[in-house]
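What's in entry_29.csv: CSV, C-alpha atoms
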```
chain,number,residue,atom,x,y,z
A,1,MET,CA,-21.7,10.6,-8.5
A,2,ASN,CA,-22.0,7.3,-10.3
A,3,LYS,CA,-18.3,7.1,-10.4
A,4,ASN,CA,-18.0,7.5,-6.7
A,5,LYS,CA,-20.5,4.8,-6.0
A,6,GLU,CA,-18.7,2.5,-8.3
A,7,THR,CA,-15.4,3.2,-6.6
A,8,LYS,CA,-16.9,2.6,-3.2
A,9,ARG,CA,-18.2,-0.7,-4.3
A,10,SER,CA,-14.8,-1.6,-5.6
A,11,ARG,CA,-13.1,-0.9,-2.4
A,12,SER,CA,-15.4,-3.1,-0.4
A,13,GLN,CA,-14.8,-5.8,-3.0
A,14,LYS,CA,-11.2,-5.4,-2.7
A,15,SER,CA,-11.3,-6.1,1.0
A,16,VAL,CA,-12.5,-9.7,0.5
A,17,ALA,CA,-10.1,-12.5,-0.2
A,18,GLN,CA,-12.1,-14.0,-3.0
A,19,PRO,CA,-13.5,-11.2,-5.2
A,20,GLU,CA,-16.9,-12.0,-6.5
A,21,ILE,CA,-17.7,-11.1,-10.0
A,22,SER,CA,-20.2,-8.3,-10.1
A,23,SER,CA,-22.0,-9.8,-13.1
A,24,PRO,CA,-24.3,-12.6,-12.2
A,25,SER,CA,-24.2,-13.9,-15.7
A,26,SER,CA,-20.4,-14.5,-15.8
A,27,SER,CA,-19.2,-17.8,-14.8
A,28,SER,CA,-16.3,-17.9,-12.3
A,29,PRO,CA,-13.0,-16.7,-13.7
A,30,LEU,CA,-10.3,-19.3,-13.8
A,31,SER,CA,-8.0,-19.1,-10.9
A,32,ALA,CA,-4.5,-20.1,-9.9
A,33,GLY,CA,-3.7,-23.8,-10.5
A,34,ALA,CA,-6.0,-24.1,-13.6
A,35,PRO,CA,-4.5,-24.9,-17.0
A,36,ALA,CA,-4.8,-21.8,-19.2
A,37,PRO,CA,-7.1,-22.7,-22.2
A,38,ASP,CA,-5.2,-22.3,-25.4
A,39,PHE,CA,-6.5,-20.0,-28.1
A,40,THR,CA,-5.7,-18.5,-31.4
A,41,LEU,CA,-6.9,-14.9,-32.0
A,42,ARG,CA,-6.2,-12.2,-34.6
A,43,SER,CA,-3.6,-9.6,-33.7
A,44,THR,CA,-3.5,-7.9,-37.1
A,45,PRO,CA,-5.7,-8.3,-40.2
A,46,ASP,CA,-3.4,-11.1,-41.4
A,47,GLN,CA,-1.7,-12.4,-38.3
A,48,ASN,CA,-2.8,-14.7,-35.5
A,49,VAL,CA,-1.4,-15.2,-32.0
A,50,SER,CA,-1.8,-18.5,-30.1
A,51,LEU,CA,-1.1,-18.9,-26.4
A,52,ARG,CA,1.0,-22.0,-27.1
A,53,GLU,CA,3.6,-19.9,-28.9
A,54,PHE,CA,4.6,-18.6,-25.5
A,55,ARG,CA,5.4,-21.9,-23.8
A,56,ASN,CA,8.5,-21.6,-21.6
A,57,ARG,CA,7.9,-18.0,-20.7
A,58,PRO,CA,5.3,-16.3,-18.6
A,59,VAL,CA,2.3,-14.6,-20.3
A,60,ILE,CA,0.3,-11.8,-18.9
A,61,LEU,CA,-3.2,-12.0,-20.3
A,62,ALA,CA,-5.0,-8.7,-19.8
A,63,PHE,CA,-8.7,-8.7,-20.7
A,64,TYR,CA,-10.2,-5.1,-20.8
A,65,PRO,CA,-13.6,-3.9,-21.7
A,66,ALA,CA,-13.0,-1.7,-24.8
A,67,ASP,CA,-10.5,0.2,-26.8
A,68,PHE,CA,-10.3,4.0,-26.3
A,69,SER,CA,-11.2,4.6,-22.7
A,70,PRO,CA,-11.1,8.4,-22.2
A,71,VAL,CA,-8.4,8.8,-19.6
A,72,CYS,CA,-4.7,9.4,-19.6
A,73,GLY,CA,-2.7,6.4,-18.6
A,74,ASP,CA,-5.6,4.0,-19.1
A,75,GLU,CA,-4.8,0.4,-18.3
A,76,MET,CA,-3.2,-0.5,-21.6
A,77,ALA,CA,-1.2,2.7,-21.8
A,78,LEU,CA,0.0,2.1,-18.3
A,79,TYR,CA,1.1,-1.5,-19.0
A,80,ASN,CA,2.8,-0.2,-22.2
A,81,GLU,CA,5.0,2.1,-20.0
A,82,ILE,CA,6.2,-0.8,-17.9
A,83,LEU,CA,7.0,-3.3,-20.7
A,84,PRO,CA,10.6,-3.1,-19.7
A,85,GLU,CA,9.7,-4.4,-16.2
A,86,PHE,CA,7.7,-7.3,-17.7
A,87,SER,CA,10.7,-8.0,-20.0
A,88,ARG,CA,12.9,-8.5,-16.9
A,89,PHE,CA,10.8,-11.6,-16.3
A,90,ASN,CA,10.8,-12.5,-20.0
A,91,ALA,CA,7.1,-12.2,-19.8
A,92,GLN,CA,4.8,-11.5,-22.8
A,93,LEU,CA,1.9,-9.1,-22.4
A,94,LEU,CA,-1.2,-9.8,-24.5
A,95,GLY,CA,-4.2,-7.5,-24.3
A,96,VAL,CA,-7.6,-9.0,-25.2
A,97,SER,CA,-11.0,-7.4,-25.8
A,98,VAL,CA,-14.0,-8.1,-28.0
A,99,ASP,CA,-13.2,-5.1,-30.3
A,100,ASN,CA,-12.6,-5.8,-33.9
A,101,ILE,CA,-9.1,-5.8,-35.3
A,102,TRP,CA,-9.5,-2.4,-37.0
A,103,SER,CA,-10.4,-0.8,-33.8
A,104,HIS,CA,-7.4,-2.5,-32.1
A,105,LEU,CA,-5.1,-1.2,-34.8
A,106,ALA,CA,-6.3,2.4,-34.4
A,107,PHE,CA,-6.1,2.2,-30.6
A,108,SER,CA,-2.7,0.6,-30.7
A,109,ARG,CA,-1.4,3.3,-33.0
A,110,ASP,CA,-2.9,6.1,-31.0
A,111,ARG,CA,-1.4,4.9,-27.7
A,112,LYS,CA,1.8,3.6,-29.4
A,113,LEU,CA,1.4,0.2,-27.8
A,114,GLY,CA,4.4,-2.1,-28.0
A,115,PHE,CA,2.5,-5.3,-27.4
A,116,PRO,CA,-0.2,-7.2,-29.3
A,117,LEU,CA,-3.9,-6.5,-28.8
A,118,LEU,CA,-6.0,-9.6,-29.6
A,119,SER,CA,-9.4,-9.5,-31.0
A,120,ASP,CA,-11.9,-11.9,-29.3
A,121,PHE,CA,-14.4,-10.8,-31.9
A,122,ASN,CA,-15.8,-13.9,-33.7
A,123,PRO,CA,-17.4,-15.8,-32.2
A,124,LYS,CA,-17.7,-12.8,-29.9
A,125,GLY,CA,-16.0,-13.3,-26.5
A,126,ALA,CA,-15.3,-17.0,-27.0
A,127,VAL,CA,-12.0,-16.9,-25.3
A,128,ALA,CA,-13.2,-14.6,-22.5
A,129,ARG,CA,-16.0,-17.2,-21.9
A,130,GLU,CA,-13.4,-19.9,-21.6
A,131,TYR,CA,-11.6,-17.9,-19.0
A,132,GLY,CA,-14.9,-17.1,-17.2
A,133,VAL,CA,-14.6,-13.3,-17.8
A,134,TYR,CA,-17.3,-12.6,-20.4
A,135,ARG,CA,-20.1,-10.3,-19.4
A,136,GLN,CA,-23.3,-11.5,-21.0
A,137,GLU,CA,-25.4,-8.4,-20.1
A,138,ASP,CA,-23.2,-5.9,-21.9
A,139,GLY,CA,-21.2,-8.0,-24.3
A,140,MET,CA,-17.8,-7.0,-23.0
A,141,THR,CA,-15.1,-8.8,-21.0
A,142,GLU,CA,-14.4,-8.1,-17.4
A,143,ARG,CA,-11.3,-6.2,-16.5
A,144,ALA,CA,-9.4,-9.3,-15.7
A,145,LEU,CA,-5.7,-10.3,-15.4
A,146,PHE,CA,-4.2,-13.7,-15.7
A,147,VAL,CA,-0.5,-14.5,-15.1
A,148,ILE,CA,0.3,-17.8,-16.8
A,149,ASP,CA,3.6,-19.6,-16.3
A,150,GLY,CA,5.8,-21.2,-18.9
A,151,LYS,CA,4.0,-24.5,-18.6
A,152,GLY,CA,0.7,-23.0,-19.4
A,153,ILE,CA,-0.7,-23.0,-15.8
A,154,ILE,CA,-2.5,-20.0,-14.4
A,155,ARG,CA,-0.5,-18.8,-11.4
A,156,TRP,CA,-2.5,-15.7,-10.5
A,157,SER,CA,-5.7,-14.1,-11.6
A,158,TYR,CA,-7.6,-11.0,-10.6
A,159,VAL,CA,-10.9,-9.5,-11.7
A,160,SER,CA,-11.2,-5.8,-11.1
A,161,PRO,CA,-14.5,-3.9,-10.9
A,162,MET,CA,-15.3,-2.6,-14.4
A,163,GLY,CA,-14.7,1.1,-13.5
A,164,VAL,CA,-11.4,0.5,-11.8
A,165,ASN,CA,-8.0,0.2,-13.5
A,166,PRO,CA,-6.2,-2.5,-11.5
A,167,GLY,CA,-2.8,-1.0,-12.1
A,168,ALA,CA,0.3,-3.2,-12.4
A,169,ASN,CA,1.3,-4.0,-8.9
A,170,GLY,CA,-0.5,-7.3,-8.8
A,171,ILE,CA,1.1,-8.5,-12.0
A,172,LEU,CA,4.6,-7.6,-10.9
A,173,GLY,CA,4.0,-9.3,-7.6
A,174,ALA,CA,2.8,-12.4,-9.4
A,175,LEU,CA,5.7,-12.5,-11.8
A,176,GLU,CA,8.1,-12.1,-8.9
A,177,SER,CA,6.5,-15.1,-7.1
A,178,LEU,CA,7.0,-17.3,-10.2
A,179,GLY,CA,10.6,-17.4,-9.1
B,1,MET,CA,-11.8,-24.1,-5.4
B,2,ILE,CA,-8.5,-22.4,-5.4
B,3,LYS,CA,-8.4,-19.0,-3.8
B,4,MET,CA,-7.8,-15.9,-6.0
B,5,THR,CA,-4.9,-13.8,-4.8
B,6,GLN,CA,-5.8,-10.6,-3.2
B,7,ILE,CA,-3.9,-7.5,-4.2
B,8,GLU,CA,-3.4,-4.6,-2.0
B,9,THR,CA,-2.7,-1.6,-4.1
B,10,ALA,CA,-3.9,1.3,-2.1
B,11,GLU,CA,-0.9,2.3,0.0
B,12,LEU,CA,2.1,4.3,-0.7
B,13,THR,CA,5.0,1.9,-0.7
B,14,LEU,CA,7.7,4.5,-0.7
B,15,PRO,CA,7.1,6.7,2.3
B,16,VAL,CA,7.4,10.4,2.0
B,17,SER,CA,10.8,11.7,3.0
B,18,SER,CA,11.6,15.4,3.2
B,19,GLU,CA,15.1,14.6,2.1
B,20,ARG,CA,14.2,12.6,-1.0
B,21,ASP,CA,10.9,14.2,-2.0
B,22,HIS,CA,9.9,17.6,-3.2
B,23,THR,CA,7.6,18.9,-0.5
B,24,LEU,CA,5.7,22.1,-0.1
B,25,GLY,CA,4.5,23.0,3.4
B,26,SER,CA,5.5,22.0,6.9
B,27,ASP,CA,6.9,18.5,7.6
B,28,THR,CA,4.8,18.5,10.8
B,29,ALA,CA,1.5,19.1,8.9
B,30,PRO,CA,-1.2,16.7,10.0
B,31,VAL,CA,-2.0,15.8,6.4
B,32,THR,CA,0.3,15.0,3.5
B,33,LEU,CA,-1.1,14.9,0.0
B,34,VAL,CA,1.0,13.1,-2.6
B,35,GLU,CA,0.4,13.5,-6.3
B,36,TYR,CA,1.8,11.2,-8.9
B,37,GLY,CA,1.6,13.4,-12.0
B,38,ASP,CA,2.7,14.0,-15.6
B,39,TYR,CA,3.5,17.5,-16.8
B,40,GLU,CA,1.9,16.9,-20.2
B,41,CYS,CA,-1.3,15.2,-18.9
B,42,PRO,CA,-4.3,17.5,-19.3
B,43,TYR,CA,-6.0,16.1,-16.2
B,44,CYS,CA,-3.0,16.9,-14.1
B,45,GLY,CA,-3.1,20.4,-15.6
B,46,ARG,CA,-6.6,20.7,-14.4
B,47,ALA,CA,-5.7,19.5,-11.0
B,48,TYR,CA,-2.8,21.9,-10.6
B,49,PRO,CA,-4.8,25.1,-9.7
B,50,ILE,CA,-7.2,23.0,-7.6
B,51,ILE,CA,-4.3,21.8,-5.4
B,52,LYS,CA,-3.0,25.4,-5.2
B,53,ARG,CA,-6.3,26.7,-3.9
B,54,ILE,CA,-6.7,23.8,-1.5
B,55,HIS,CA,-3.2,24.3,-0.1
B,56,LYS,CA,-3.9,28.0,0.3
B,57,HIS,CA,-7.1,27.3,2.2
B,58,LEU,CA,-5.5,24.7,4.5
B,59,GLY,CA,-2.2,26.5,5.0
B,60,ASP,CA,0.0,24.8,7.6
B,61,ASN,CA,-2.3,21.8,7.9
B,62,LEU,CA,-1.2,20.5,4.6
B,63,ARG,CA,2.1,19.3,3.1
B,64,PHE,CA,2.0,18.6,-0.6
B,65,VAL,CA,4.4,16.2,-2.4
B,66,PHE,CA,4.8,15.8,-6.1
B,67,ARG,CA,6.3,12.7,-7.7
B,68,ASN,CA,6.8,12.0,-11.4
B,69,PHE,CA,4.7,9.6,-13.3
B,70,PRO,CA,5.3,10.4,-17.0
B,71,ILE,CA,3.2,8.4,-19.5
B,72,THR,CA,5.8,8.8,-22.1
B,73,GLN,CA,4.2,6.9,-25.0
B,74,SER,CA,1.1,9.1,-24.9
B,75,HIS,CA,3.0,12.3,-23.9
B,76,PRO,CA,6.2,12.7,-25.9
B,77,HIS,CA,7.4,15.6,-23.8
B,78,ALA,CA,6.5,14.3,-20.4
B,79,GLN,CA,9.8,12.6,-19.6
B,80,HIS,CA,12.0,15.6,-20.5
B,81,ALA,CA,9.7,17.9,-18.6
B,82,ALA,CA,10.0,15.7,-15.5
B,83,GLU,CA,13.8,15.6,-15.8
B,84,ALA,CA,13.7,19.4,-16.2
B,85,ALA,CA,11.8,19.8,-13.0
B,86,GLU,CA,14.3,17.6,-11.2
B,87,ALA,CA,17.2,19.6,-12.8
B,88,ALA,CA,15.5,22.7,-11.5
B,89,GLY,CA,15.2,21.0,-8.1
B,90,ALA,CA,19.0,20.6,-8.1
B,91,GLN,CA,19.2,24.4,-8.3
B,92,ASN,CA,16.5,24.8,-5.6
B,93,ARG,CA,13.9,25.9,-8.2
B,94,PHE,CA,11.8,22.7,-8.2
B,95,TRP,CA,8.4,24.3,-7.4
B,96,GLU,CA,9.0,27.3,-9.6
B,97,MET,CA,9.6,25.0,-12.5
B,98,HIS,CA,6.8,22.6,-11.5
B,99,ASP,CA,4.4,25.6,-11.6
B,100,HIS,CA,5.8,27.0,-14.8
B,101,LEU,CA,5.5,23.7,-16.6
B,102,TYR,CA,1.8,23.3,-15.6
B,103,GLU,CA,1.2,26.9,-16.6
B,104,HIS,CA,2.7,26.2,-20.0
B,105,GLN,CA,1.6,22.7,-20.7
B,106,GLN,CA,1.2,23.2,-24.4
B,107,ASN,CA,4.8,24.2,-24.8
B,108,LEU,CA,7.1,21.6,-23.4
B,109,ASP,CA,9.7,20.9,-26.1
B,110,ASP,CA,13.4,21.1,-25.2
B,111,ASP,CA,13.8,24.7,-26.4
B,112,ASN,CA,10.8,25.7,-24.2
B,113,LEU,CA,12.4,24.0,-21.2
B,114,MET,CA,15.7,25.9,-21.8
B,115,GLN,CA,13.8,29.1,-22.0
B,116,TYR,CA,11.9,28.4,-18.8
B,117,ALA,CA,15.2,27.7,-17.0
B,118,SER,CA,16.4,31.1,-18.2
B,119,VAL,CA,13.2,32.8,-17.1
B,120,LEU,CA,13.5,31.3,-13.7
B,121,GLY,CA,17.1,32.7,-13.4
B,122,MET,CA,18.7,29.3,-13.3
B,123,ASP,CA,22.2,28.4,-14.4
B,124,THR,CA,21.2,27.4,-17.9
B,125,ALA,CA,24.6,25.9,-18.9
B,126,ARG,CA,24.3,23.4,-16.0
B,127,PHE,CA,20.6,22.9,-16.7
B,128,GLY,CA,21.2,22.2,-20.4
B,129,ASP,CA,24.1,19.9,-19.7
B,130,GLU,CA,22.2,17.9,-17.1
B,131,LEU,CA,19.1,17.6,-19.4
B,132,ALA,CA,21.3,16.4,-22.3
B,133,ARG,CA,23.0,13.8,-20.1
B,134,HIS,CA,19.7,12.7,-18.6
B,135,VAL,CA,21.2,13.1,-15.1
B,136,TYR,CA,17.7,12.8,-13.5
B,137,ALA,CA,16.2,10.0,-15.6
B,138,ASP,CA,16.9,7.4,-12.9
B,139,ARG,CA,15.2,9.6,-10.3
B,140,VAL,CA,12.2,10.0,-12.5
B,141,ARG,CA,12.0,6.2,-13.1
B,142,GLU,CA,12.3,5.7,-9.4
B,143,ASP,CA,9.3,7.9,-8.8
B,144,PHE,CA,7.4,6.1,-11.6
B,145,MET,CA,8.2,2.6,-10.2
B,146,SER,CA,7.3,3.7,-6.7
B,147,GLY,CA,4.0,4.7,-8.2
B,148,ILE,CA,3.5,1.4,-9.9
B,149,ARG,CA,4.2,-0.5,-6.7
B,150,SER,CA,1.8,1.8,-4.9
B,151,GLY,CA,-1.1,1.2,-7.2
B,152,VAL,CA,-1.0,4.3,-9.3
B,153,ASN,CA,-3.3,3.6,-12.2
B,154,GLY,CA,-3.4,6.8,-14.2
B,155,THR,CA,-2.6,10.4,-13.8
B,156,PRO,CA,-3.1,12.2,-11.5
B,157,THR,CA,-3.3,9.7,-8.6
B,158,PHE,CA,-3.4,11.1,-5.1
B,159,TYR,CA,-2.5,9.7,-1.7
B,160,ILE,CA,-3.7,11.3,1.5
B,161,ASN,CA,-1.5,10.3,4.4
B,162,GLU,CA,-0.2,7.5,2.3
B,163,ILE,CA,-3.6,6.0,1.4
B,164,ARG,CA,-4.7,6.1,-2.2
B,165,TYR,CA,-7.5,8.5,-2.7
B,166,ASP,CA,-10.0,6.9,-5.2
B,167,TYR,CA,-12.6,9.6,-5.3
B,168,SER,CA,-13.2,12.7,-7.5
B,169,TRP,CA,-10.5,15.3,-7.1
B,170,ASP,CA,-12.8,18.3,-7.9
B,171,GLU,CA,-12.0,21.0,-5.4
B,172,LYS,CA,-15.0,20.5,-3.1
B,173,THR,CA,-14.7,16.7,-2.8
B,174,LEU,CA,-11.0,16.7,-2.3
B,175,LEU,CA,-11.0,19.5,0.2
B,176,THR,CA,-13.8,17.9,2.2
B,177,ALA,CA,-11.9,14.6,2.3
B,178,ILE,CA,-8.8,16.3,3.6
B,179,GLU,CA,-10.8,18.3,6.1
B,180,GLN,CA,-12.5,15.1,7.4
B,181,ILE,CA,-9.1,13.5,8.0
B,182,LEU,CA,-7.9,16.7,9.7
B,183,GLU,CA,-11.0,16.6,11.9
B,184,ASP,CA,-10.4,12.9,12.6
B,185,SER,CA,-6.8,13.5,13.6
B,186,SER,CA,-7.6,16.4,15.9
B,187,ASN,CA,-10.4,14.4,17.5
B,188,HIS,CA,-8.1,11.5,18.0
B,189,GLN,CA,-5.6,13.7,19.7
B,190,SER,CA,-8.0,15.5,22.0
B,191,SER,CA,-10.0,12.5,23.3
B,192,LYS,CA,-11.5,9.2,22.4
B,193,LYS,CA,-14.9,10.4,23.6
B,194,LYS,CA,-15.0,13.1,21.0
B,195,ARG,CA,-14.2,10.5,18.3
B,196,ALA,CA,-17.2,8.5,19.3
B,197,THR,CA,-19.5,11.5,18.8
B,198,ALA,CA,-18.0,12.7,15.6
B,199,GLY,CA,-21.0,11.2,13.8
B,200,ALA,CA,-21.8,10.2,10.3
B,201,ARG,CA,-19.4,12.5,8.6
B,202,ARG,CA,-16.4,10.9,10.3
B,203,LYS,CA,-17.7,7.6,9.4
B,204,MET,CA,-17.8,8.6,5.8
B,205,GLY,CA,-14.2,9.6,6.1
B,206,LYS,CA,-13.4,6.2,7.6
B,207,SER,CA,-15.1,4.3,4.8
B,208,ARG,CA,-13.0,6.2,2.4
B,209,LEU,CA,-9.9,4.7,3.9
```

As structure tokens, what does this structure read like?
Amino acid sequence: MNKNKETKRSRSQKSVAQPEISSPSSSSPLSAGAPAPDFTLRSTPDQNVSLREFRNRPVILAFYPADFSPVCGDEMALYNEILPEFSRFNAQLLGVSVDNIWSHLAFSRDRKLGFPLLSDFNPKGAVAREYGVYRQEDGMTERALFVIDGKGIIRWSYVSPMGVNPGANGILGALESLG
Amino acid sequence: MIKMTQIETAELTLPVSSERDHTLGSDTAPVTLVEYGDYECPYCGRAYPIIKRIHKHLGDNLRFVFRNFPITQSHPHAQHAAEAAEAAGAQNRFWEMHDHLYEHQQNLDDDNLMQYASVLGMDTARFGDELARHVYADRVREDFMSGIRSGVNGTPTFYINEIRYDYSWDEKTLLTAIEQILEDSSNHQSSKKKRATAGARRKMGKSRL
């Protein structure tokens, strides 16, 4: 029942042009036109990834609440399936959550993910806060997508209700419109 | 403030075609239910008998369509199983193979697939050759990408009359949703007055869309 309620809410949210963030404690997510804040986050126990490494190519920044959501084809597994489509745009996909790096490694191995998962773990959610997608009340990030162009400008962003996997259609549409 | 872009993900972007798609039931049925599914996905396996029962209950009022959405990294046999069903389709055995795969979800390696083709009385030489050459890989990918562009966000994802169905697909909920749409369409056809009096239940159906 709860799931149904949540989905209904999501549908009504979807019908408005400017989605409001369900969490009152989140600041507004950065939107198209804003420069994407640079960051450096762990991707493995001994490797870091910085946004600036991907200048001159599009970046898809996918914030998600937590590793190991219990469904087939969850958001990260779905994106993993369409990496070849993202590659057609020379785009780099980066997943971000507040999970620690060991959880990311286990999740990545389990789902055989072919893209980095970044750990926004310490200080917790610092990057998510900069993008306006940290949820103070439960300490997770929103389910939020940012498509950033090769010059480091956000060209598209979308915040999905927590219970709803946003799919990949919006990302592909945004990449296509980068031209 | 700059506007956030709205995404519309809830409609089927590749319309159902009786020539292209594998359909079960009448092309003139008032409701078409499309499933994007993966033969190795346990949730799809659970949905399989539910769809069967719903179809039996609704009879000619329902047309069912299955499209492939293999999550290959999580399900190592899903891609070949999907290609096997398409290869069976080329020998007019699509639904037999579809059912057989869901009834034997735990055994989907290539030897199993060959065995199923044999059980179903197919031309196994042709079937094996087409599987080996991945003749239907493009078709499976086309299904998959049509799903991506239609907002499929996991398996199974259903569309009722080309609108994504975002609610529980337990038997009672899904059947009720379809019946409400049937009721809507028959009310619509008979008279507008009836539509106006259809009441709260119809309204619920509307909000679902």

Per residue of region 148-179 of chain B within 9 Å of region 46-55 of chain B, which atom pair is closest and at what distance in Å (one decimal), using all atoms listed in the file, listed by chain and increasing number, as CSV?
```
residue,atom,partner,partner_atom,distance
B:Pro156,CA,B:Ala47,CA,7.8
B:Trp169,CA,B:Ala47,CA,7.5
B:Asp170,CA,B:Ile50,CA,7.3
B:Glu171,CA,B:Ile50,CA,5.6
B:Leu174,CA,B:Ile54,CA,8.3
B:Leu175,CA,B:Ile54,CA,6.3
```

Exercise. Which one is closest to chain A: B:Asn153, B:Thr176, B:Ser185, B:Asn161? Count all atoms listed in the file.
Worked result: B:Asn153

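Using only C-alpha atoms, the smallest distance between any of B:His100, B:Arg67, B:His75, B:Arg126 and chain A comes from B:His75.
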
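With all atoms listed in the file as the atoms that count, the residue of B:Gln79, B:Ser74, B:Asn68, B:Asn187 with the shortest distance to Leu131 (chain B) is B:Gln79.
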
Seminar exercise, completed: The residue from B:Thr32, B:Thr13, B:Ala90, B:Leu58 with the smallest atom-to-atom distance to Arg139 (chain B), counting all atoms listed in the file, is B:Ala90

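Closest approach to Leu172 (chain A) from the set A:Leu113, A:Leu93, A:Ala34, A:Ile153 is made by A:Leu93, with distances taken over only C-alpha atoms.
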
For this session: Using all atoms listed in the file, find the one residue out of A:Asp46, A:Asp110, A:Glu176, A:Glu137 that sits nearest to chain B.
Result: A:Asp110

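A straight line drawn from CA of Ser168 (chain B) to CA of Glu40 (chain B) is 20.2 Å long.
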